[in-house]
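Inspection log for the structure reproduced underneath, given as structure tokens.
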Amino acid sequence: MTGPRPGELDAYPVAVAAGLTRVLGPALLGLYLHGSGALGGWSAERSDVDLLGVARPLDRRTKRVISARLHHPSLTCPARAGLELSLVTAAVAADPPRRPPFELHLTTGPSPQTHLGGPAAADPDLLLHFAVCRRAGVAVAGPDPAEVFTEPPRAWLLEQAAAELRWAVRHGSFAYRVLNACRAWRYLEDDVLSAKVEAGRWARLRLAASTEEVPPAAAALVDAAVAAQLGHAPVPTATADLAAANQFVAAVLERFEESEG
């Protein structure tokens with residue numbers, strides 16, 4: 001691994017790769033850091049560690065062994081939110097369908113989960129993960145990500161970005177709603193996949209330069225979301241703040257709809 005990342009964000013993925021290799025041997029074809037760890041803005045207090053592995057097809061027993069190893073107390077994740085890991089086959093990484101199947105998905109955070117995959121298991125979130133890995137992923141093990149991942153069609157990525165925004169309105173925090181909307185907007189306008197804070201700063205400049213109508217106090221919303229994401233201010237939780245965030249998300253979704261027309 002190369003690049004200016006916190007030491008624990010170098011050491012932990014390497015330890016995960018070693019644990020996977022002990023179980024899988026040559027069946028592990030690669031392991032890649034994505035998300036904020038690759039795009040920037042990673043924080044042990046506010047981020048998780050996003051890893052995407054590529055492996056040969058696995059049986060359920062092997063998947064359970066992997067899950068037990070990665071959940072073991074001896075492999076402590078440096079992020080408060082824990083590890084989020086998906087394993088996919090090389091065929092899926094190289095030619096992803098609209099709903100990519102996966103071999104294994106697990107999280108080790110406050111609410112740990114393991115999904116053993118299978119023929120009917122699919123996760124459209126993987127589309128954006130593949131795109132980030134191809135553009136900015138960090139190889140922890142295996143070849144360069146550009147040799148492994150094919151970027152899905154832009155129409156599929158836009159569709160998934162919009163779906164994430166709709167999910168955020170129902171489940172996300174104030175900062176998650178606003179900054180995910182900024183990320184989606186930036187991808188729509190500039191074809192750039194960026195970290196939350198970077199996208200917020202991009203949106204702030206766009207709002208300052210725009211002559212279009214925008215939701216009331218949109219610039220202040222973005223400022224508040226960036227401050228909360230950086231830990232410089234509490235995350236707003238008032239009903240009025242969440243309603244304003246939803247209005248901002250709706251404005252970005254309207255841009256998506258206009259782009260389809």
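Here, A, B, ... name the chains of the structure tokens in the order displayed, residue numbers run from 1 inside each chain, and ligands are numbered from 1 in the same displayed order.
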
Compile the contact shell of range 102-109 of chain A as JSON, numbers by chain: residues with an atom at most 9 Å away, counting only C-alpha atoms, same-chain residues fewer than 5 positions apart removed.
{"A": [48, 55, 56, 57, 58, 59, 63, 67, 70, 71, 77, 79, 80, 81, 82, 83, 84, 85, 86, 87, 88, 89, 92, 114, 115, 116, 117, 118, 119, 121, 122, 123, 126]}

Would you put the residues from that selection into a file with C-alpha atoms, as a CSV table (one decimal), in the first residue's frame?
chain,number,residue,atom,x,y,z
A,48,ASP,CA,-15.5,2.6,8.8
A,55,ALA,CA,-11.7,-14.4,-4.7
A,56,ARG,CA,-12.6,-17.7,-6.3
A,57,PRO,CA,-16.1,-19.0,-5.5
A,58,LEU,CA,-16.3,-20.1,-1.9
A,59,ASP,CA,-18.2,-22.8,0.0
A,63,LYS,CA,-17.1,-18.2,4.5
A,67,SER,CA,-16.2,-14.4,9.3
A,70,LEU,CA,-12.4,-11.2,10.9
A,71,HIS,CA,-14.7,-10.8,13.9
A,77,CYS,CA,-10.5,-2.5,13.7
A,79,ALA,CA,-12.4,2.6,13.1
A,80,ARG,CA,-15.3,3.0,15.6
A,81,ALA,CA,-17.7,2.0,12.9
A,82,GLY,CA,-15.7,-1.1,12.2
A,83,LEU,CA,-14.9,-3.0,9.0
A,84,GLU,CA,-17.2,-3.4,6.0
A,85,LEU,CA,-15.9,-6.2,3.7
A,86,SER,CA,-17.4,-7.7,0.6
A,87,LEU,CA,-15.9,-10.6,-1.4
A,88,VAL,CA,-16.9,-11.0,-5.1
A,89,THR,CA,-15.6,-13.3,-7.8
A,92,VAL,CA,-18.2,-10.3,-11.3
A,114,THR,CA,-22.5,-11.6,8.2
A,115,HIS,CA,-24.2,-12.5,4.9
A,116,LEU,CA,-22.9,-15.7,3.3
A,117,GLY,CA,-24.0,-14.8,-0.2
A,118,GLY,CA,-25.3,-17.4,-2.5
A,119,PRO,CA,-26.9,-17.7,-5.9
A,121,ALA,CA,-27.6,-12.8,-3.1
A,122,ALA,CA,-27.0,-9.5,-4.9
A,123,ASP,CA,-26.0,-6.0,-3.8
A,126,LEU,CA,-21.3,-2.9,-5.2

Just want the 10 Å neighbourhood of Tyr176 in chain A, counted on only C-alpha atoms, with same-chain residues fewer than 5 positions away dropped. Output as a list in words.
Leu165, Ala168, Val169, His171, Ala181, Cys182, Lys196, Ala225, Val226, Ala228, Gln229, Val235 and Ala245 of chain A

Export, as a short mmCIF file (atom, residue, chain, number, x, y, z; two decimals), in the first residue's frame, the selected residues with C-alpha atoms.
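The result, written out as result-v7.cif:
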data_model
loop_
_atom_site.label_atom_id
_atom_site.label_comp_id
_atom_site.auth_asym_id
_atom_site.auth_seq_id
_atom_site.Cartn_x
_atom_site.Cartn_y
_atom_site.Cartn_z
CA LEU A 165 -30.12 9.44 -1.62
CA ALA A 168 -30.55 8.51 3.20
CA VAL A 169 -33.77 10.50 3.57
CA HIS A 171 -32.25 6.44 7.48
CA ALA A 181 -26.33 14.66 -1.99
CA CYS A 182 -23.20 16.71 -2.67
CA LYS A 196 -18.01 13.45 1.53
CA ALA A 225 -22.73 19.18 7.31
CA VAL A 226 -19.00 19.61 6.59
CA ALA A 228 -20.25 17.94 11.60
CA GLN A 229 -18.43 15.43 9.39
CA VAL A 235 -24.50 16.79 14.03
CA ALA A 245 -31.55 18.43 4.53
#

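Here CA of Leu75 in chain A and CA of Gly19 in chain A stand 8.9 Å from one another.
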
Per DSSP on the backbone, what are the strand (DSSP E) residues of range 38-176 of chain A, as number ranges by chain?
A: 49-55, 83-89, 104-107, 113-115, 138-141

Would you output that residue set with N, CA and C atoms, as a JSON list (two decimals), in the first residue's frame?
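Written out: again-v4.json:
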[["chain", "number", "residue", "atom", "x", "y", "z"],
["A", 49, "VAL", "N", -13.88, 1.12, 7.81],
["A", 49, "VAL", "CA", -12.83, 0.70, 6.87],
["A", 49, "VAL", "C", -13.51, -0.13, 5.80],
["A", 50, "ASP", "N", -13.49, 0.36, 4.57],
["A", 50, "ASP", "CA", -14.17, -0.30, 3.45],
["A", 50, "ASP", "C", -13.16, -1.11, 2.65],
["A", 51, "LEU", "N", -13.37, -2.42, 2.61],
["A", 51, "LEU", "CA", -12.51, -3.31, 1.85],
["A", 51, "LEU", "C", -13.34, -4.15, 0.89],
["A", 52, "LEU", "N", -12.82, -4.36, -0.30],
["A", 52, "LEU", "CA", -13.48, -5.18, -1.30],
["A", 52, "LEU", "C", -12.47, -6.23, -1.76],
["A", 53, "GLY", "N", -12.83, -7.50, -1.55],
["A", 53, "GLY", "CA", -11.95, -8.59, -1.92],
["A", 53, "GLY", "C", -12.44, -9.31, -3.16],
["A", 54, "VAL", "N", -11.50, -9.87, -3.90],
["A", 54, "VAL", "CA", -11.80, -10.66, -5.09],
["A", 54, "VAL", "C", -11.23, -12.06, -4.85],
["A", 55, "ALA", "N", -12.09, -13.06, -5.02],
["A", 55, "ALA", "CA", -11.69, -14.43, -4.70],
["A", 55, "ALA", "C", -12.37, -15.41, -5.66],
["A", 83, "LEU", "N", -15.23, -2.61, 10.37],
["A", 83, "LEU", "CA", -14.89, -3.04, 9.02],
["A", 83, "LEU", "C", -16.16, -3.30, 8.23],
["A", 84, "GLU", "N", -16.16, -2.94, 6.95],
["A", 84, "GLU", "CA", -17.17, -3.41, 6.01],
["A", 84, "GLU", "C", -16.43, -4.07, 4.85],
["A", 85, "LEU", "N", -16.65, -5.36, 4.69],
["A", 85, "LEU", "CA", -15.94, -6.15, 3.69],
["A", 85, "LEU", "C", -16.93, -6.90, 2.81],
["A", 86, "SER", "N", -16.70, -6.85, 1.52],
["A", 86, "SER", "CA", -17.42, -7.70, 0.57],
["A", 86, "SER", "C", -16.40, -8.50, -0.22],
["A", 87, "LEU", "N", -16.73, -9.76, -0.52],
["A", 87, "LEU", "CA", -15.94, -10.58, -1.41],
["A", 87, "LEU", "C", -16.77, -10.90, -2.65],
["A", 88, "VAL", "N", -16.19, -10.71, -3.81],
["A", 88, "VAL", "CA", -16.86, -11.04, -5.07],
["A", 88, "VAL", "C", -15.90, -11.88, -5.91],
["A", 89, "THR", "N", -16.44, -12.52, -6.93],
["A", 89, "THR", "CA", -15.57, -13.29, -7.82],
["A", 89, "THR", "C", -14.92, -12.37, -8.84],
["A", 104, "LEU", "N", -19.53, -13.04, -0.05],
["A", 104, "LEU", "CA", -19.59, -12.81, 1.40],
["A", 104, "LEU", "C", -19.68, -11.32, 1.64],
["A", 105, "HIS", "N", -20.48, -10.94, 2.62],
["A", 105, "HIS", "CA", -20.50, -9.54, 3.07],
["A", 105, "HIS", "C", -20.54, -9.56, 4.59],
["A", 106, "LEU", "N", -19.67, -8.76, 5.21],
["A", 106, "LEU", "CA", -19.70, -8.70, 6.67],
["A", 106, "LEU", "C", -19.33, -7.31, 7.17],
["A", 107, "THR", "N", -19.84, -7.00, 8.33],
["A", 107, "THR", "CA", -19.48, -5.78, 9.05],
["A", 107, "THR", "C", -19.12, -6.16, 10.48],
["A", 113, "GLN", "N", -22.66, -7.96, 11.35],
["A", 113, "GLN", "CA", -23.50, -8.81, 10.52],
["A", 113, "GLN", "C", -22.62, -9.61, 9.57],
["A", 114, "THR", "N", -23.12, -10.78, 9.20],
["A", 114, "THR", "CA", -22.47, -11.61, 8.18],
["A", 114, "THR", "C", -23.54, -12.15, 7.25],
["A", 115, "HIS", "N", -23.34, -11.98, 5.96],
["A", 115, "HIS", "CA", -24.22, -12.54, 4.94],
["A", 115, "HIS", "C", -23.36, -13.45, 4.08],
["A", 138, "VAL", "N", -7.06, 1.29, -3.49],
["A", 138, "VAL", "CA", -5.69, 1.01, -3.07],
["A", 138, "VAL", "C", -5.53, -0.50, -2.96],
["A", 139, "ALA", "N", -4.59, -1.07, -3.69],
["A", 139, "ALA", "CA", -4.36, -2.51, -3.65],
["A", 139, "ALA", "C", -3.64, -2.87, -2.35],
["A", 140, "VAL", "N", -4.32, -3.59, -1.48],
["A", 140, "VAL", "CA", -3.68, -4.13, -0.27],
["A", 140, "VAL", "C", -2.98, -5.43, -0.63],
["A", 141, "ALA", "N", -3.60, -6.19, -1.52],
["A", 141, "ALA", "CA", -3.02, -7.42, -2.04],
["A", 141, "ALA", "C", -3.55, -7.61, -3.46]]

Which residues are near range 248-255 of chain A? Cut-off 12 Å, only C-alpha atoms, ignore same chain within fewer than 6 positions. Put them as a PyMOL selection string.
chain A and resi 158-170+172+174-189+203+207+212-222+225+241-242+261

Taking only C-alpha atoms into account, name the residue in A:Gly200, A:Pro96, A:Gly40, A:Pro112 that is nearest to Phe149 in chain A.
A:Pro96
